[in-house]
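So this block is coords03.cif, mmCIF, C-alpha atoms and all ligand atoms:
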data_final
#
loop_
_atom_site.label_atom_id
_atom_site.label_comp_id
_atom_site.auth_asym_id
_atom_site.auth_seq_id
_atom_site.Cartn_x
_atom_site.Cartn_y
_atom_site.Cartn_z
CA MET C 1 128.17 93.97 110.57
CA SER C 2 128.05 90.47 112.07
CA ARG C 3 124.80 88.74 112.96
CA LEU C 4 125.81 88.87 116.65
CA GLU C 5 126.39 92.63 116.56
CA ARG C 6 123.08 93.17 114.86
CA ASN C 7 121.24 91.05 117.43
CA VAL C 8 122.96 92.86 120.32
CA ASN C 9 121.73 96.17 118.90
CA ILE C 10 118.19 94.95 118.50
CA VAL C 11 118.19 93.72 122.12
CA ALA C 12 119.57 97.08 123.28
CA VAL C 13 116.71 98.87 121.54
CA VAL C 14 113.88 96.52 122.53
CA VAL C 15 114.69 95.61 126.16
CA PRO C 16 114.48 99.13 127.68
CA PHE C 17 111.21 99.57 125.85
CA LEU C 18 109.90 96.33 127.40
CA GLY C 19 111.13 97.78 130.73
CA LEU C 20 108.84 100.75 130.26
CA ILE C 21 105.88 98.42 129.62
CA GLY C 22 106.91 96.43 132.74
CA ALA C 23 107.00 99.64 134.81
CA ALA C 24 103.54 100.55 133.54
CA VAL C 25 102.20 97.09 134.53
CA LEU C 26 103.73 97.32 138.03
CA LEU C 27 102.32 100.82 138.54
CA TRP C 28 98.83 99.79 137.37
CA HIS C 29 96.15 101.02 139.81
CA HIS C 30 98.78 102.92 141.78
CA PHE C 31 100.24 105.58 139.53
CA PHE C 32 98.84 104.40 136.20
CA GLY C 33 95.19 103.75 135.34
CA VAL C 34 92.62 103.60 132.55
CA ASP C 35 92.31 107.41 132.41
CA ASP C 36 96.08 107.70 131.88
CA VAL C 37 95.90 105.18 129.01
CA VAL C 38 93.13 107.22 127.39
CA VAL C 39 95.02 110.51 127.72
CA PHE C 40 98.24 108.83 126.52
CA ALA C 41 96.50 107.36 123.43
CA VAL C 42 94.76 110.62 122.52
CA MET C 43 97.94 112.67 122.88
CA TYR C 44 100.09 110.06 121.10
CA LEU C 45 97.76 109.91 118.10
CA LEU C 46 97.27 113.69 117.84
CA SER C 47 100.98 114.53 118.01
CA ALA C 48 102.20 111.57 115.92
CA VAL C 49 99.59 112.16 113.17
CA GLY C 50 100.63 115.82 113.23
CA VAL C 51 104.17 114.67 112.38
CA THR C 52 103.46 111.85 109.91
CA VAL C 53 100.45 113.21 108.00
CA GLY C 54 101.09 116.92 108.68
CA PHE C 55 104.82 117.75 108.89
CA HIS C 56 105.94 114.86 106.70
CA ARG C 57 103.51 113.77 104.00
CA LEU C 58 101.57 117.05 103.56
CA LEU C 59 103.99 119.88 104.32
CA THR C 60 107.34 118.35 103.30
CA HIS C 61 106.30 116.17 100.36
CA ARG C 62 102.94 117.65 99.23
CA ALA C 63 101.54 114.13 98.99
CA PHE C 64 98.02 115.58 99.01
CA GLN C 65 96.25 118.93 99.10
CA THR C 66 93.82 120.14 101.72
CA HIS C 67 92.07 123.23 103.11
CA ALA C 68 94.26 125.92 104.67
CA TRP C 69 92.64 125.43 108.10
CA LEU C 70 93.45 121.70 108.15
CA ARG C 71 97.00 122.36 106.93
CA HIS C 72 97.53 124.79 109.80
CA LEU C 73 95.81 122.51 112.33
CA LEU C 74 98.14 119.64 111.32
CA ALA C 75 101.12 122.00 111.71
CA VAL C 76 100.00 122.80 115.28
CA LEU C 77 99.42 119.10 116.09
CA GLY C 78 102.88 118.17 114.78
CA SER C 79 104.40 120.90 116.96
CA LEU C 80 102.87 119.13 120.00
CA SER C 81 105.46 116.37 119.44
CA LEU C 82 108.26 118.75 120.49
CA GLN C 83 110.49 118.07 117.49
CA GLY C 84 111.20 121.72 116.84
CA PRO C 85 109.23 124.44 114.98
CA VAL C 86 107.40 123.26 111.87
CA ILE C 87 109.42 125.23 109.28
CA ASP C 88 112.73 123.97 110.72
CA TRP C 89 111.41 120.40 110.63
CA VAL C 90 110.36 120.62 106.98
CA ALA C 91 113.62 122.33 105.90
CA ASP C 92 115.74 119.69 107.71
CA HIS C 93 113.74 116.85 106.20
CA ARG C 94 113.85 118.20 102.64
CA LYS C 95 117.62 118.57 103.09
CA HIS C 96 117.70 114.90 104.18
CA HIS C 97 116.01 113.94 100.91
CA THR C 98 118.32 116.18 98.82
CA PHE C 99 121.52 114.71 100.29
CA THR C 100 120.34 111.30 101.56
CA ASP C 101 123.27 109.42 103.15
CA GLU C 102 125.77 111.86 101.61
CA ASP C 103 127.57 114.97 102.80
CA GLY C 104 124.92 117.53 103.75
CA ASP C 105 122.39 115.00 105.12
CA PRO C 106 121.57 116.33 108.62
CA HIS C 107 121.11 112.86 110.12
CA SER C 108 122.68 110.04 108.13
CA PRO C 109 124.18 107.15 110.14
CA HIS C 110 126.67 106.62 107.28
CA VAL C 111 128.36 110.02 106.79
CA GLY C 112 131.54 111.10 108.54
CA VAL C 113 131.83 107.98 110.70
CA GLY C 114 134.76 105.58 110.94
CA ALA C 115 134.79 101.90 110.08
CA GLY C 116 133.91 98.89 112.23
CA PHE C 117 131.71 98.51 115.27
CA ARG C 118 132.73 101.89 116.77
CA GLY C 119 131.89 103.66 113.50
CA MET C 120 128.52 101.95 113.41
CA LEU C 121 127.67 103.01 116.99
CA HIS C 122 128.87 106.55 116.26
CA GLY C 123 126.70 106.70 113.10
CA LEU C 124 123.60 105.33 114.81
CA TRP C 125 124.04 107.73 117.75
CA HIS C 126 124.40 110.69 115.38
CA ALA C 127 121.34 109.71 113.27
CA HIS C 128 119.18 109.00 116.33
CA THR C 129 120.02 111.79 118.77
CA GLY C 130 123.47 113.30 118.19
CA TRP C 131 122.33 115.33 115.17
CA LEU C 132 119.95 117.30 117.45
CA PHE C 133 123.04 118.90 119.03
CA LYS C 134 124.90 119.46 115.76
CA THR C 135 122.89 119.85 112.56
CA HIS C 136 119.26 120.22 113.75
CA GLY C 137 117.48 123.34 112.47
CA GLN C 138 120.50 124.38 110.33
CA ALA C 139 118.88 123.86 106.91
CA SER C 140 118.07 127.16 105.20
CA ALA C 141 114.31 127.73 105.47
CA ARG C 142 114.44 130.13 102.49
CA ARG C 143 116.03 127.45 100.31
CA PHE C 144 114.24 124.33 101.54
CA ALA C 145 110.82 125.53 102.79
CA ARG C 146 110.18 128.77 100.93
CA GLU C 147 106.40 128.34 100.52
CA LEU C 148 106.01 127.85 104.29
CA VAL C 149 108.10 130.96 105.05
CA GLU C 150 105.82 132.89 102.70
CA ASP C 151 102.67 131.76 104.57
CA PRO C 152 102.03 134.27 107.43
CA THR C 153 99.92 131.78 109.45
CA MET C 154 102.63 129.13 109.15
CA ARG C 155 105.21 131.67 110.32
CA ARG C 156 103.02 132.46 113.33
CA ILE C 157 102.71 128.74 114.18
CA ASN C 158 106.49 128.45 113.81
CA ARG C 159 107.07 131.39 116.18
CA SER C 160 104.52 130.01 118.68
CA PHE C 161 106.46 126.77 119.13
CA PRO C 162 107.36 127.45 122.81
CA LEU C 163 103.68 128.10 123.61
CA ILE C 164 102.56 124.96 121.75
CA ALA C 165 105.23 122.99 123.66
CA LEU C 166 103.72 124.26 126.91
CA ALA C 167 100.24 123.30 125.68
CA SER C 168 101.61 119.81 124.93
CA LEU C 169 102.03 119.36 128.71
CA LEU C 170 99.06 121.44 129.85
CA LEU C 171 96.60 119.58 127.64
CA PRO C 172 97.15 116.10 129.16
CA PHE C 173 97.11 117.68 132.63
CA MET C 174 93.72 119.29 131.98
CA LEU C 175 92.34 116.10 130.37
CA GLY C 176 93.49 114.12 133.42
CA LEU C 177 91.86 116.63 135.76
CA ALA C 178 88.60 116.44 133.81
CA LEU C 179 88.56 112.62 133.75
CA GLY C 180 89.56 112.42 137.43
CA GLY C 181 86.78 114.70 138.65
CA GLY C 182 89.18 117.54 139.41
CA ALA C 183 91.64 115.53 141.55
CA LEU C 184 95.13 117.04 141.30
CA ALA C 185 96.76 113.58 141.45
CA ALA C 186 94.77 112.54 138.35
CA GLY C 187 96.00 115.63 136.49
CA LEU C 188 99.62 115.01 137.47
CA SER C 189 99.43 111.33 136.56
CA ALA C 190 98.02 112.21 133.10
CA LEU C 191 100.75 114.83 132.73
CA LEU C 192 103.35 112.11 133.35
CA TRP C 193 101.91 109.48 130.95
CA GLY C 194 100.14 111.64 128.34
CA GLY C 195 102.82 114.35 128.52
CA LEU C 196 106.36 113.20 129.30
CA VAL C 197 106.19 109.47 128.53
CA ARG C 198 104.25 110.15 125.31
CA ILE C 199 106.76 112.81 124.16
CA PHE C 200 109.62 110.39 124.95
CA LEU C 201 108.03 107.62 122.86
CA VAL C 202 107.05 109.80 119.89
CA HIS C 203 110.59 111.26 119.92
CA HIS C 204 112.31 107.89 119.83
CA ILE C 205 109.96 106.35 117.27
CA THR C 206 110.54 109.35 114.96
CA TRP C 207 114.31 109.29 115.48
CA SER C 208 114.30 105.53 114.82
CA ILE C 209 113.20 106.35 111.27
CA ASN C 210 116.43 108.36 110.87
CA SER C 211 118.68 105.77 112.53
CA ILE C 212 117.20 102.24 112.30
CA CYS C 213 115.43 102.81 108.95
CA HIS C 214 118.73 103.81 107.35
CA PHE C 215 120.61 100.84 108.78
CA PHE C 216 118.69 97.63 109.59
CA GLY C 217 115.84 96.12 107.62
CA ARG C 218 114.89 95.23 104.08
CA ARG C 219 115.33 96.94 100.70
CA ARG C 220 113.84 96.07 97.33
CA PHE C 221 114.14 99.17 95.11
CA ASP C 222 117.26 100.54 93.50
CA THR C 223 117.64 103.74 95.56
CA ALA C 224 120.97 105.56 95.90
CA ASP C 225 120.86 105.49 99.71
CA HIS C 226 120.75 103.05 102.64
CA SER C 227 117.04 103.44 103.49
CA THR C 228 115.21 100.33 104.75
CA ASN C 229 111.73 99.00 105.55
CA VAL C 230 111.39 97.90 109.20
CA PHE C 231 108.16 95.98 109.74
CA TRP C 232 108.15 95.98 113.57
CA LEU C 233 108.27 99.78 113.63
CA ALA C 234 105.37 100.13 111.18
CA LEU C 235 102.49 100.38 113.65
CA PRO C 236 104.07 102.60 116.35
CA SER C 237 105.41 104.91 113.61
CA LEU C 238 101.96 104.97 111.97
CA GLY C 239 103.43 103.66 108.70
CA GLU C 240 106.59 105.76 108.51
CA ALA C 241 108.87 102.73 108.92
CA TRP C 242 108.25 101.74 105.27
CA HIS C 243 110.99 104.28 104.84
CA HIS C 244 112.72 102.54 101.93
CA ASN C 245 109.44 102.67 99.97
CA HIS C 246 109.28 106.34 100.92
CA HIS C 247 112.75 107.09 99.55
CA ALA C 248 111.85 105.20 96.36
CA PHE C 249 108.62 107.24 95.96
CA PRO C 250 109.01 110.35 98.17
CA ARG C 251 105.80 112.08 97.08
CA SER C 252 103.52 109.07 97.58
CA ALA C 253 100.83 109.63 100.23
CA PHE C 254 101.17 105.92 101.05
CA HIS C 255 104.39 104.48 102.45
CA GLY C 256 102.99 100.96 102.70
CA LEU C 257 102.85 99.77 99.07
CA ARG C 258 101.66 96.17 99.63
CA TRP C 259 98.51 95.07 101.42
CA TYR C 260 100.47 93.71 104.39
CA GLU C 261 102.57 96.89 104.78
CA LEU C 262 100.41 98.48 107.49
CA ASP C 263 100.26 102.24 107.04
CA PRO C 264 97.79 103.98 109.40
CA SER C 265 98.84 107.47 108.18
CA GLY C 266 97.98 106.42 104.62
CA TRP C 267 94.62 105.09 105.82
CA LEU C 268 93.89 108.43 107.50
CA ILE C 269 94.71 110.32 104.26
CA LEU C 270 92.33 107.96 102.41
CA ALA C 271 89.61 108.69 104.98
CA LEU C 272 90.22 112.45 104.64
CA ALA C 273 89.90 112.09 100.86
CA ARG C 274 86.59 110.20 101.25
CA LEU C 275 85.32 113.04 103.47
CA GLY C 276 86.34 115.63 100.87
CA LEU C 277 89.06 116.98 103.18
CA ALA C 278 91.99 115.81 101.01
CA TRP C 279 92.44 115.84 97.24
CA ASP C 280 95.20 115.45 94.63
CA VAL C 281 96.38 112.45 96.68
CA VAL C 282 99.65 111.18 95.13
CA ARG C 283 99.59 107.40 94.55
CA VAL C 284 102.09 104.90 93.21
CA THR C 285 100.40 102.52 90.80
CA PRO C 286 101.35 98.82 91.16
CA GLU C 287 102.78 99.04 87.60
CA ARG C 288 105.14 101.88 88.61
CA ALA C 289 106.26 99.98 91.71
CA ARG C 290 106.84 96.83 89.63
CA ALA C 291 108.84 98.77 87.01
CA LYS C 292 111.12 100.14 89.71
CA LEU C 293 111.48 96.64 91.19
CA ALA C 294 112.42 95.24 87.78
CA SER C 295 115.09 97.89 87.26
CA ALA C 296 116.49 97.11 90.74
CA GLU C 297 116.72 93.43 89.78
CA ARG C 298 118.49 94.29 86.52
CA HIS C 299 121.06 96.35 88.42
CA SER C 300 121.73 93.59 90.92
CA GLU C 301 122.38 90.95 88.23
CA PRO C 302 126.05 89.97 88.02
CA ALA C 303 127.76 91.45 84.95
ZN ZN D 1 115.41 108.83 105.17
ZN ZN D 2 110.41 112.19 103.65
#

In structure tokens, what does this structure look like?
Ligand SMILES: [Zn+2]
Ligand SMILES: [Zn+2]
Amino acid sequence: MSRLERNVNIVAVVVPFLGLIGAAVLLWHHFFGVDDVVVFAVMYLLSAVGVTVGFHRLLTHRAFQTHAWLRHLLAVLGSLSLQGPVIDWVADHRKHHTFTDEDGDPHSPHVGVGAGFRGMLHGLWHAHTGWLFKTHGQASARRFARELVEDPTMRRINRSFPLIALASLLLPFMLGLALGGGALAAGLSALLWGGLVRIFLVHHITWSINSICHFFGRRRFDTADHSTNVFWLALPSLGEAWHHNHHAFPRSAFHGLRWYELDPSGWLILALARLGLAWDVVRVTPERARAKLASAERHSEPA
């Protein structure tokens, strides 16, 4: 891909997002206020942590252990992000790790696409959104998420997905009502920002891990895939954008492996461990990371 094509893509991703911020600024005090920001932030953090710490690091990769009640609570919180029922999510994601960027990967931007600029757009579209209409929820739960299928409470949470989705809209509405002293307009405004806009943003940040973090960005380990680290997505994705680190060490509770690789989900797992709410936290020692780096350098040396 040429530098120009890459820059055009980055602009296409960033400008509409800046547009949303612009719209929010213009609507300030009219259809967007402090209460909406509060409801948005609370709902964003609850649903995104549910995905990153719950669906991803705990349930998919068993990066730490915790009490059954917290495990199930995180499964409910992740479901608030409207990315499908929890067991489907975990099965799809384990399949992604089994077949990363090869045939069978539900959302690789590199599989089954043609060459050139058109192939690149096709691949990015498939990895970001297109896969939702083709391969989403197709991974066998029995094969890829057996222990979740065997947990009756997890099955109930899985079945209750439509109800949790409804709650994902009702909750910001009620919070808005409460903060606005019962005014219907306050409830509706919070429903818009803490419900729809928040779901939109959490969706696209999560999907960006599948598309952008397998295409643009930096690599340093010798992994047999195209995964990348994308620093500007690190904070909004709560640390998930250190996705290349994650493919190098899938079970690690921490995706940021250097002090400047900001990883809020990892910090939360650390805090849970301090509180006695998480244990058996999987860590990558600096020596292990260095050894993998060294082997990557050996492989990249010209023969
Ligand atoms: Zn990946
Ligand atoms: Zn993963």

Using all atoms listed in the file, find each residue with an atom at most 9 Å away from ligand ZN 2 (chain D) and format the answer as a VMD selection string. chain C and resid 56 to 57 60 to 61 93 to 94 96 to 97 240 243 246 to 247 250 to 251

Distance cut-off 10 Å, centre (98.6, 113.3, 111.3) in file coordinates, counting only C-alpha atoms: which residues qualify? Return them as a PDB file with C-alpha atoms, keeping the file's coordinate frame.
ATOM      1  CA  LEU C  45      97.760 109.910 118.100  1.00  0.00           C
ATOM      2  CA  LEU C  46      97.270 113.690 117.840  1.00  0.00           C
ATOM      3  CA  SER C  47     100.980 114.530 118.010  1.00  0.00           C
ATOM      4  CA  ALA C  48     102.200 111.570 115.920  1.00  0.00           C
ATOM      5  CA  VAL C  49      99.590 112.160 113.170  1.00  0.00           C
ATOM      6  CA  GLY C  50     100.630 115.820 113.230  1.00  0.00           C
ATOM      7  CA  VAL C  51     104.170 114.670 112.380  1.00  0.00           C
ATOM      8  CA  THR C  52     103.460 111.850 109.910  1.00  0.00           C
ATOM      9  CA  VAL C  53     100.450 113.210 108.000  1.00  0.00           C
ATOM     10  CA  GLY C  54     101.090 116.920 108.680  1.00  0.00           C
ATOM     11  CA  PHE C  55     104.820 117.750 108.890  1.00  0.00           C
ATOM     12  CA  HIS C  56     105.940 114.860 106.700  1.00  0.00           C
ATOM     13  CA  ARG C  57     103.510 113.770 104.000  1.00  0.00           C
ATOM     14  CA  LEU C  58     101.570 117.050 103.560  1.00  0.00           C
ATOM     15  CA  LEU C  73      95.810 122.510 112.330  1.00  0.00           C
ATOM     16  CA  LEU C  74      98.140 119.640 111.320  1.00  0.00           C
ATOM     17  CA  ALA C  75     101.120 122.000 111.710  1.00  0.00           C
ATOM     18  CA  LEU C  77      99.420 119.100 116.090  1.00  0.00           C
ATOM     19  CA  GLY C  78     102.880 118.170 114.780  1.00  0.00           C
ATOM     20  CA  LEU C 238     101.960 104.970 111.970  1.00  0.00           C
ATOM     21  CA  PRO C 264      97.790 103.980 109.400  1.00  0.00           C
ATOM     22  CA  SER C 265      98.840 107.470 108.180  1.00  0.00           C
ATOM     23  CA  GLY C 266      97.980 106.420 104.620  1.00  0.00           C
ATOM     24  CA  LEU C 268      93.890 108.430 107.500  1.00  0.00           C
ATOM     25  CA  ILE C 269      94.710 110.320 104.260  1.00  0.00           C
TER      26      ILE C 269
END

At a cut-off of 9 Å and counting only C-alpha atoms and all ligand atoms, what residues surround ligand ZN 1 (chain D)? Please answer as a PyMOL selection string. chain C and resi 93+96-97+100-101+107-108+209-211+213-214+225-228+243-244+246-247

Please compute the atom CA of Leu262 of chain C-atom CA of Asn229 of chain C distance, one decimal, in Å.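 These two atoms are separated by 11.5 Å.
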
Taking (132.5, 111.0, 111.4) in the file's coordinates as the center, which residues reach within 12 Å of it, counting all atoms listed in the file, put as a list in words?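 The requested residues, written out, are Glu102, Asp103, His107, Ser108, Pro109, His110, Val111, Gly112, Val113, Gly114, Ala115, Arg118, Gly119, Met120, Leu121, His122, Gly123, Leu124, Trp125, His126, Ala127, Gly130 and Trp131 of chain C.
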
Do a neighbour search on Leu196 of chain C at 10 Å with only C-alpha atoms, toss out local chain neighbours closer than 4 positions, and write the hits as a list in words. Phe40, Ser168, Leu169, Pro172, Ala190, Leu191, Leu192, Phe200 and Leu201 of chain C

Between C:Gly176, C:Arg146, C:Ala63, C:Ala167, which is the closest to Leu270 of chain C once you count all atoms listed in the file? C:Ala63

Which value, in Å to one decimal, gives the distance between atom CA of Met174 of chain C and atom CA of Val42 of chain C? 12.9 Å

Tell me which of C:Thr206, C:Ala186, C:Gly239, C:His72 sits closest to His30 of chain C, counting only C-alpha atoms.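 Between C:Thr206, C:Ala186, C:Gly239, C:His72, the residue approaching His30 of chain C most closely is C:Ala186.
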
By how many Å are atom CA of Trp279 of chain C and atom CA of Asp263 of chain C apart?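 Going from atom CA of Trp279 of chain C over to atom CA of Asp263 of chain C covers 18.5 Å.
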
Could you list, as an NGL selection string, every residue within 9 Å of Leu257 of chain C, counting only C-alpha atoms and ignoring same-chain residues fewer than 6 positions away? :C and (242 or 245 or 263 or 284 or 286 or 289)

Among the residues C:Gly116, C:Gly276, C:Gly19, C:Pro85, the one that comes closest to Ser160 of chain C [using all atoms listed in the file]: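 Distance minimum relative to Ser160 of chain C lands on C:Pro85.
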
Build an axis-aligned box that encloses every atom of segment 224-233 of chain C listed in the file, pad it by 4 Å on each side, and report its centre and edge lengths in Å to one decimal, as AutoDock Vina command-line options.
--center_x 114.6 --center_y 100.8 --center_z 104.8 --size_x 20.8 --size_y 17.6 --size_z 25.7
